[in-house]
Amino acid sequence: MTESTNPDLSFDLRSDHLAGYLRADAIRTDTLVQLVAGWADPDTRDEVLDALDQLAAVVQGIPREGELDAAIEEVEGVASMDTARIEIDGWTARRLFTELQVVALKLNRFNPLGSRPSIPGQQDRRWTA
């Protein structure tokens, strides 16, 4: 496991070194603050509550394809939530890059990037989105 100078925004390895984690606490905080702001606004409160009730029903059941995404988008829309992203500066980018390199090297130790790709999205030695 790597030790980050900023654990709230960091990359780390799972203890078995078979997967990694991206921790981005600010996204969760921003999401909750935006949701509560929409809920606290008397003009949108009922719409937000209805969308949350609909999302709860989807989560408690067995969602059909696309149903969960649609319910989440409805909550985001009625609560006027922004895109879940974090702005970073050059120093943070460098730190995250270094942490991600450590994680990637451990995860790919038995499949070096020079060998035949087995990662979804990587074909013919080219990365695709």
# chains A, B, ... in the order shown; residues from 1 in each chain; ligands from 1
>>> residues_around(residues="region 98-110 of chain A", least_positions_apart="3", cutoff="7 Å", atoms="only C-alpha atoms", output="NGL selection string")
:A and (11-13 or 17-20 or 94-95)
>>> residues_around(residues="Gln34 (chain A)", least_positions_apart="4", cutoff="8 Å", atoms="only C-alpha atoms", output="list of chain:residue names")
A:Asp30, A:Gly38, A:Ala79, A:Ser80, A:Met81, A:Asp82
>>> atom_distance(atom1="CA of Arg23 (chain A)", atom2="CA of Ala70 (chain A)")
24.9 Å
>>> select_by_dssp(residues="chain A", states="alpha helix (DSSP H)", output="PyMOL selection string")
chain A and resi 25-40+45-60+67-78+90-107
>>> closest_residue(among="A:Thr83, A:Val75, A:Leu22, A:Asn111", to="Phe97 (chain A)", atoms="only C-alpha atoms")
A:Leu22
>>> residues_around(residues="Asn6 (chain A)", least_positions_apart="2", cutoff="12 Å", atoms="only C-alpha atoms", output="MDAnalysis selection string")
chainID A and resid 2:4 8:12 23:26 91:92 95:96 99
>>> select_by_dssp(residues="chain A", states="strand (DSSP E or B)", output="number ranges by chain")
A: 9-13, 20-24, 122-123, 126-127
>>> atom_distance(atom1="CA of Asp53 (chain A)", atom2="CA of Ala71 (chain A)")
9.5 Å
>>> atom_distance(atom1="CA of Ile86 (chain A)", atom2="CA of Thr31 (chain A)")
11.5 Å
>>> decode(residues="region 56-86 of chain A", atoms="N, CA, C and O atoms", output="PDB file, in the first residue's frame")
ATOM      1  N   ALA A  56     -34.671   5.600  -4.916  1.00  0.00           N
ATOM      2  CA  ALA A  56     -34.720   4.591  -3.853  1.00  0.00           C
ATOM      3  C   ALA A  56     -35.482   3.353  -4.318  1.00  0.00           C
ATOM      4  O   ALA A  56     -35.072   2.220  -4.037  1.00  0.00           O
ATOM      5  N   ALA A  57     -36.557   3.546  -5.046  1.00  0.00           N
ATOM      6  CA  ALA A  57     -37.330   2.409  -5.547  1.00  0.00           C
ATOM      7  C   ALA A  57     -36.504   1.583  -6.533  1.00  0.00           C
ATOM      8  O   ALA A  57     -36.546   0.346  -6.507  1.00  0.00           O
ATOM      9  N   VAL A  58     -35.738   2.261  -7.370  1.00  0.00           N
ATOM     10  CA  VAL A  58     -34.894   1.545  -8.336  1.00  0.00           C
ATOM     11  C   VAL A  58     -33.803   0.766  -7.608  1.00  0.00           C
ATOM     12  O   VAL A  58     -33.540  -0.399  -7.909  1.00  0.00           O
ATOM     13  N   VAL A  59     -33.171   1.394  -6.622  1.00  0.00           N
ATOM     14  CA  VAL A  59     -32.084   0.755  -5.884  1.00  0.00           C
ATOM     15  C   VAL A  59     -32.586  -0.449  -5.090  1.00  0.00           C
ATOM     16  O   VAL A  59     -31.907  -1.472  -4.996  1.00  0.00           O
ATOM     17  N   GLN A  60     -33.780  -0.357  -4.541  1.00  0.00           N
ATOM     18  CA  GLN A  60     -34.322  -1.455  -3.732  1.00  0.00           C
ATOM     19  C   GLN A  60     -34.803  -2.623  -4.584  1.00  0.00           C
ATOM     20  O   GLN A  60     -34.923  -3.731  -4.085  1.00  0.00           O
ATOM     21  N   GLY A  61     -35.071  -2.380  -5.842  1.00  0.00           N
ATOM     22  CA  GLY A  61     -35.540  -3.453  -6.713  1.00  0.00           C
ATOM     23  C   GLY A  61     -34.422  -3.964  -7.599  1.00  0.00           C
ATOM     24  O   GLY A  61     -33.238  -3.768  -7.328  1.00  0.00           O
ATOM     25  N   ILE A  62     -34.820  -4.637  -8.664  1.00  0.00           N
ATOM     26  CA  ILE A  62     -33.868  -5.105  -9.670  1.00  0.00           C
ATOM     27  C   ILE A  62     -34.031  -4.185 -10.873  1.00  0.00           C
ATOM     28  O   ILE A  62     -35.013  -4.297 -11.621  1.00  0.00           O
ATOM     29  N   PRO A  63     -33.097  -3.241 -11.045  1.00  0.00           N
ATOM     30  CA  PRO A  63     -33.267  -2.249 -12.107  1.00  0.00           C
ATOM     31  C   PRO A  63     -33.132  -2.848 -13.506  1.00  0.00           C
ATOM     32  O   PRO A  63     -32.307  -3.717 -13.739  1.00  0.00           O
ATOM     33  N   ARG A  64     -33.992  -2.370 -14.399  1.00  0.00           N
ATOM     34  CA  ARG A  64     -33.869  -2.721 -15.810  1.00  0.00           C
ATOM     35  C   ARG A  64     -32.689  -1.947 -16.379  1.00  0.00           C
ATOM     36  O   ARG A  64     -32.215  -0.984 -15.787  1.00  0.00           O
ATOM     37  N   GLU A  65     -32.228  -2.363 -17.536  1.00  0.00           N
ATOM     38  CA  GLU A  65     -31.080  -1.713 -18.155  1.00  0.00           C
ATOM     39  C   GLU A  65     -31.340  -0.222 -18.349  1.00  0.00           C
ATOM     40  O   GLU A  65     -32.360   0.175 -18.911  1.00  0.00           O
ATOM     41  N   GLY A  66     -30.447   0.596 -17.841  1.00  0.00           N
ATOM     42  CA  GLY A  66     -30.538   2.039 -17.981  1.00  0.00           C
ATOM     43  C   GLY A  66     -31.409   2.728 -16.942  1.00  0.00           C
ATOM     44  O   GLY A  66     -31.418   3.951 -16.852  1.00  0.00           O
ATOM     45  N   GLU A  67     -32.148   1.954 -16.165  1.00  0.00           N
ATOM     46  CA  GLU A  67     -33.077   2.540 -15.197  1.00  0.00           C
ATOM     47  C   GLU A  67     -32.341   3.267 -14.068  1.00  0.00           C
ATOM     48  O   GLU A  67     -32.748   4.355 -13.660  1.00  0.00           O
ATOM     49  N   LEU A  68     -31.275   2.682 -13.562  1.00  0.00           N
ATOM     50  CA  LEU A  68     -30.515   3.317 -12.486  1.00  0.00           C
ATOM     51  C   LEU A  68     -29.884   4.616 -12.971  1.00  0.00           C
ATOM     52  O   LEU A  68     -29.968   5.646 -12.299  1.00  0.00           O
ATOM     53  N   ASP A  69     -29.266   4.584 -14.145  1.00  0.00           N
ATOM     54  CA  ASP A  69     -28.658   5.803 -14.698  1.00  0.00           C
ATOM     55  C   ASP A  69     -29.698   6.895 -14.893  1.00  0.00           C
ATOM     56  O   ASP A  69     -29.441   8.069 -14.593  1.00  0.00           O
ATOM     57  N   ALA A  70     -30.870   6.528 -15.388  1.00  0.00           N
ATOM     58  CA  ALA A  70     -31.930   7.516 -15.614  1.00  0.00           C
ATOM     59  C   ALA A  70     -32.397   8.125 -14.299  1.00  0.00           C
ATOM     60  O   ALA A  70     -32.622   9.336 -14.216  1.00  0.00           O
ATOM     61  N   ALA A  71     -32.529   7.296 -13.263  1.00  0.00           N
ATOM     62  CA  ALA A  71     -32.975   7.804 -11.964  1.00  0.00           C
ATOM     63  C   ALA A  71     -31.927   8.738 -11.356  1.00  0.00           C
ATOM     64  O   ALA A  71     -32.268   9.766 -10.756  1.00  0.00           O
ATOM     65  N   ILE A  72     -30.666   8.402 -11.504  1.00  0.00           N
ATOM     66  CA  ILE A  72     -29.591   9.266 -10.997  1.00  0.00           C
ATOM     67  C   ILE A  72     -29.573  10.587 -11.758  1.00  0.00           C
ATOM     68  O   ILE A  72     -29.451  11.658 -11.158  1.00  0.00           O
ATOM     69  N   GLU A  73     -29.700  10.519 -13.073  1.00  0.00           N
ATOM     70  CA  GLU A  73     -29.727  11.740 -13.880  1.00  0.00           C
ATOM     71  C   GLU A  73     -30.906  12.632 -13.508  1.00  0.00           C
ATOM     72  O   GLU A  73     -30.800  13.861 -13.525  1.00  0.00           O
ATOM     73  N   GLU A  74     -32.032  12.035 -13.162  1.00  0.00           N
ATOM     74  CA  GLU A  74     -33.200  12.809 -12.741  1.00  0.00           C
ATOM     75  C   GLU A  74     -32.898  13.567 -11.447  1.00  0.00           C
ATOM     76  O   GLU A  74     -33.218  14.751 -11.320  1.00  0.00           O
ATOM     77  N   VAL A  75     -32.284  12.889 -10.483  1.00  0.00           N
ATOM     78  CA  VAL A  75     -31.913  13.560  -9.222  1.00  0.00           C
ATOM     79  C   VAL A  75     -30.945  14.697  -9.514  1.00  0.00           C
ATOM     80  O   VAL A  75     -31.119  15.818  -9.026  1.00  0.00           O
ATOM     81  N   GLU A  76     -29.926  14.417 -10.322  1.00  0.00           N
ATOM     82  CA  GLU A  76     -28.940  15.451 -10.656  1.00  0.00           C
ATOM     83  C   GLU A  76     -29.591  16.639 -11.347  1.00  0.00           C
ATOM     84  O   GLU A  76     -29.229  17.790 -11.083  1.00  0.00           O
ATOM     85  N   GLY A  77     -30.543  16.351 -12.204  1.00  0.00           N
ATOM     86  CA  GLY A  77     -31.205  17.426 -12.939  1.00  0.00           C
ATOM     87  C   GLY A  77     -32.077  18.303 -12.063  1.00  0.00           C
ATOM     88  O   GLY A  77     -31.967  19.526 -12.094  1.00  0.00           O
ATOM     89  N   VAL A  78     -32.952  17.696 -11.260  1.00  0.00           N
ATOM     90  CA  VAL A  78     -33.863  18.502 -10.438  1.00  0.00           C
ATOM     91  C   VAL A  78     -33.124  19.215  -9.310  1.00  0.00           C
ATOM     92  O   VAL A  78     -33.561  20.270  -8.856  1.00  0.00           O
ATOM     93  N   ALA A  79     -31.992  18.664  -8.862  1.00  0.00           N
ATOM     94  CA  ALA A  79     -31.216  19.316  -7.805  1.00  0.00           C
ATOM     95  C   ALA A  79     -30.162  20.261  -8.376  1.00  0.00           C
ATOM     96  O   ALA A  79     -29.393  20.855  -7.622  1.00  0.00           O
ATOM     97  N   SER A  80     -30.133  20.416  -9.697  1.00  0.00           N
ATOM     98  CA  SER A  80     -29.167  21.294 -10.376  1.00  0.00           C
ATOM     99  C   SER A  80     -27.730  20.990  -9.958  1.00  0.00           C
ATOM    100  O   SER A  80     -26.959  21.892  -9.632  1.00  0.00           O
ATOM    101  N   MET A  81     -27.376  19.714 -10.004  1.00  0.00           N
ATOM    102  CA  MET A  81     -26.043  19.292  -9.593  1.00  0.00           C
ATOM    103  C   MET A  81     -25.055  19.426 -10.743  1.00  0.00           C
ATOM    104  O   MET A  81     -25.389  19.165 -11.896  1.00  0.00           O
ATOM    105  N   ASP A  82     -23.832  19.823 -10.406  1.00  0.00           N
ATOM    106  CA  ASP A  82     -22.761  19.959 -11.392  1.00  0.00           C
ATOM    107  C   ASP A  82     -22.138  18.608 -11.707  1.00  0.00           C
ATOM    108  O   ASP A  82     -22.368  17.620 -11.016  1.00  0.00           O
ATOM    109  N   THR A  83     -21.289  18.590 -12.712  1.00  0.00           N
ATOM    110  CA  THR A  83     -20.532  17.402 -13.073  1.00  0.00           C
ATOM    111  C   THR A  83     -19.604  17.017 -11.925  1.00  0.00           C
ATOM    112  O   THR A  83     -19.011  17.887 -11.287  1.00  0.00           O
ATOM    113  N   ALA A  84     -19.472  15.732 -11.672  1.00  0.00           N
ATOM    114  CA  ALA A  84     -18.611  15.249 -10.589  1.00  0.00           C
ATOM    115  C   ALA A  84     -17.158  15.268 -11.054  1.00  0.00           C
ATOM    116  O   ALA A  84     -16.681  14.340 -11.699  1.00  0.00           O
ATOM    117  N   ARG A  85     -16.474  16.346 -10.752  1.00  0.00           N
ATOM    118  CA  ARG A  85     -15.070  16.467 -11.131  1.00  0.00           C
ATOM    119  C   ARG A  85     -14.338  17.357 -10.149  1.00  0.00           C
ATOM    120  O   ARG A  85     -14.952  18.128  -9.412  1.00  0.00           O
ATOM    121  N   ILE A  86     -13.030  17.224 -10.157  1.00  0.00           N
ATOM    122  CA  ILE A  86     -12.174  17.978  -9.250  1.00  0.00           C
ATOM    123  C   ILE A  86     -11.133  18.710 -10.086  1.00  0.00           C
ATOM    124  O   ILE A  86     -10.503  18.109 -10.965  1.00  0.00           O
TER     125      ILE A  86
END
